[in-house]
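> Structure below; questions to follow.
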Amino acid sequence: MSLNASTPDAGVQILLVEDDVRLSTLIQEYLQQQAMVVAIEHRGDLACQRIIDEHPDLVVLDLMLPGMDGVEICKRVRPQYSGPILMLTARDEEIDQVVGLEIGADDYVTKPVQPRVLLARIRALLRRLPRHTPSIHDNNQVRIGRFRISIAAREAWLGDKVLELTSNEFDLLWLLASHAGEILTRDRILEQLRGIGYDGLDRSVDIRISRLRKKLEDDTQRPYRIKTIRSKGYLFAKEAWE
């Protein structure tokens, strides 16, 4: 089946945490047929940081994993990750379902997994959870929850407050907001704003990001509105503006 960018699932970012290589490949291929973007992590002890750093739209999380089980992963990431978590398990015991839901999972599917059932559950979570803040983006402005930025007016607002931005800060904020949910590398940012590539030393982008976070009332120690994606770049988070 060829990918179709017009499908409502196109571009949805899924992190699948599953140690069964055959099953994870099967699920990945099936979801990719729906135009979803699916990354796989086989180890539980590596999954926590990936969930926090990559901030996917949804996590499919196996219960039994090497290094750290799904319950512990869910408990650890919930303070910093607000997206839906769908747990998988080979167990069919009610107590497992109760524990999973109590520690922050949003739904629960038992193995053997039927791909169509899994897809239906994923779609249901993405539809009904209020964590996904709708955005409006046209050629002139971007609106995401309480945040709005207009390229025509060259102004940005957080609620009713007009943000005091320098010209360079505005250009960077517009670039990030108009690509909300997409990781932008330093190289791409510098190419777009200044027509040069990143030489590994230029810190101008990082300095402006730091200033923007303060003006956007972001947490400078644990930023959640403009996220630093380790070894990749920056992400303007859609879900952070409710």
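Residues are named by chain letter and number: chains run A, B, ... in the order of the structure tokens, numbers start at 1 in each chain, and ligands are numbered from 1 in the order shown.
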Can you tell me, as a PyMOL selection string, what residues are no more than 9 Å from range 21-25 of chain A when counting only C-alpha atoms, ignoring any on the same chain fewer than 6 positions away?
chain A and resi 40-42+113
> Please save C-alpha atoms of the selected residues as a PDB file, in the first residue's frame.

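result03.pdb, written as the output of this step:
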ATOM      1  CA  ILE A  40      10.996   1.784  17.460  1.00  0.00           C
ATOM      2  CA  GLU A  41      12.793   1.388  20.785  1.00  0.00           C
ATOM      3  CA  HIS A  42      13.493  -2.169  21.969  1.00  0.00           C
ATOM      4  CA  VAL A 113      -2.216  -7.638  18.829  1.00  0.00           C
TER       5      VAL A 113
END
> Neighbouring residues of Ser231 in chain A were defined as those with any atom within 12 Å, considering only C-alpha atoms; residues of the same chain fewer than 6 positions away were excluded. Please report them as a VMD selection string.
chain A and resid 50 53 to 54 183 to 187 200
> Which neighbours of Val37 in chain A fall inside 10 Å, counting only C-alpha atoms, when residues of the same chain fewer than 3 positions from it are skipped, and could you give them as a list in words?
Asp9, Ala10, Gly11, Val12, Gln13, Ile14, Leu15, Gln28, Glu29, Leu31, Gln32, Gln33, Gln34, Pro56 and Asp57 of chain A
> Taking C-alpha atoms for each residue, export the selection above as a PDB file, in the first residue's frame.

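Result saved to again.pdb:
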ATOM      1  CA  ASP A   9      -3.098  10.071  10.112  1.00  0.00           C
ATOM      2  CA  ALA A  10      -0.408  11.554   7.860  1.00  0.00           C
ATOM      3  CA  GLY A  11       2.609  12.714   9.822  1.00  0.00           C
ATOM      4  CA  VAL A  12       1.447  11.426  13.231  1.00  0.00           C
ATOM      5  CA  GLN A  13       4.590  10.646  15.235  1.00  0.00           C
ATOM      6  CA  ILE A  14       4.475   7.297  17.061  1.00  0.00           C
ATOM      7  CA  LEU A  15       7.161   5.844  19.338  1.00  0.00           C
ATOM      8  CA  GLN A  28       5.616  -0.337  12.303  1.00  0.00           C
ATOM      9  CA  GLU A  29       4.943  -1.432   8.729  1.00  0.00           C
ATOM     10  CA  LEU A  31       1.045   1.995  10.827  1.00  0.00           C
ATOM     11  CA  GLN A  32       3.378   3.395   8.188  1.00  0.00           C
ATOM     12  CA  GLN A  33       0.888   2.223   5.585  1.00  0.00           C
ATOM     13  CA  GLN A  34      -1.479   4.727   7.235  1.00  0.00           C
ATOM     14  CA  PRO A  56       5.969  11.858  19.970  1.00  0.00           C
ATOM     15  CA  ASP A  57       2.254  12.371  19.366  1.00  0.00           C
TER      16      ASP A  57
END
> Would you compute the distance between CA of Ile51 in chain A and CA of Arg121 in chain A? Give it in Å to one decimal.
19.6 Å
> Which is closer to Glu182 in chain A than all the others in A:Lys238, A:Arg222, A:Arg78, A:Lys111, using only C-alpha atoms?
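Result for the nearest residue to Glu182 in chain A: A:Lys238.
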> Report the residues of range 96-239 of chain A whose backbone DSSP state falls under helix (DSSP H, G or I), written as number ranges by chain.
A: 96-102, 115-128, 167-177, 186-194, 204-215, 238-239
> May I have the residues from that selection written out with C-alpha atoms, as a compact mmCIF listing (two decimals), in the first residue's frame?

# COMPACT_ATOMS: atom_id res chain seq x y z
CA ASP A 96 -2.31 -5.26 35.16
CA GLN A 97 -4.87 -3.11 33.39
CA VAL A 98 -5.77 -1.31 36.61
CA VAL A 99 -2.12 -0.62 37.46
CA GLY A 100 -1.38 0.58 33.94
CA LEU A 101 -4.28 3.01 33.87
CA GLU A 102 -3.68 4.27 37.41
CA PRO A 115 -3.14 -4.35 13.82
CA ARG A 116 -6.57 -3.01 12.86
CA VAL A 117 -7.67 -2.99 16.48
CA LEU A 118 -4.48 -1.23 17.51
CA LEU A 119 -4.97 1.38 14.77
CA ALA A 120 -8.56 1.98 15.91
CA ARG A 121 -7.42 2.49 19.51
CA ILE A 122 -4.66 4.88 18.42
CA ARG A 123 -7.08 6.92 16.33
CA ALA A 124 -9.59 7.03 19.19
CA LEU A 125 -6.94 8.36 21.60
CA LEU A 126 -5.75 11.02 19.19
CA ARG A 127 -9.35 12.11 18.57
CA ARG A 128 -10.66 12.30 22.08
CA SER A 167 13.39 41.59 14.72
CA ASN A 168 15.71 38.60 14.95
CA GLU A 169 13.67 37.03 17.75
CA PHE A 170 10.47 37.46 15.76
CA ASP A 171 11.97 35.83 12.67
CA LEU A 172 13.14 32.85 14.72
CA LEU A 173 9.81 32.52 16.53
CA TRP A 174 7.89 32.65 13.24
CA LEU A 175 10.11 29.94 11.77
CA LEU A 176 9.62 27.68 14.79
CA ALA A 177 5.87 28.30 15.12
CA ARG A 186 20.47 24.53 13.92
CA ASP A 187 21.76 24.16 10.37
CA ARG A 188 18.28 24.59 8.91
CA ILE A 189 17.48 27.52 11.20
CA LEU A 190 20.67 29.38 10.26
CA GLU A 191 20.15 28.60 6.57
CA GLN A 192 16.60 29.99 6.70
CA LEU A 193 17.40 33.08 8.75
CA ARG A 194 20.91 34.01 7.64
CA SER A 204 23.38 32.83 18.20
CA VAL A 205 20.43 30.47 17.75
CA ASP A 206 20.81 29.08 21.28
CA ILE A 207 20.98 32.59 22.76
CA ARG A 208 17.81 33.68 20.95
CA ILE A 209 16.02 30.49 21.96
CA SER A 210 16.90 31.21 25.58
CA ARG A 211 15.47 34.74 25.31
CA LEU A 212 12.32 33.51 23.57
CA ARG A 213 11.68 30.97 26.31
CA LYS A 214 11.67 33.69 28.94
CA LYS A 215 9.28 35.84 26.91
CA LYS A 238 1.91 22.09 19.82
CA GLU A 239 0.53 20.65 23.06
> I'd like to know which residues of range 2-228 of chain A are strand (DSSP E or B) (by DSSP, run on the backbone); could you write them as a ChimeraX atom specification?
/A:13-17,37-41,58-62,85-89,107-110,135-137,141-144,147-150,155-158,161-162,183-184,226-228
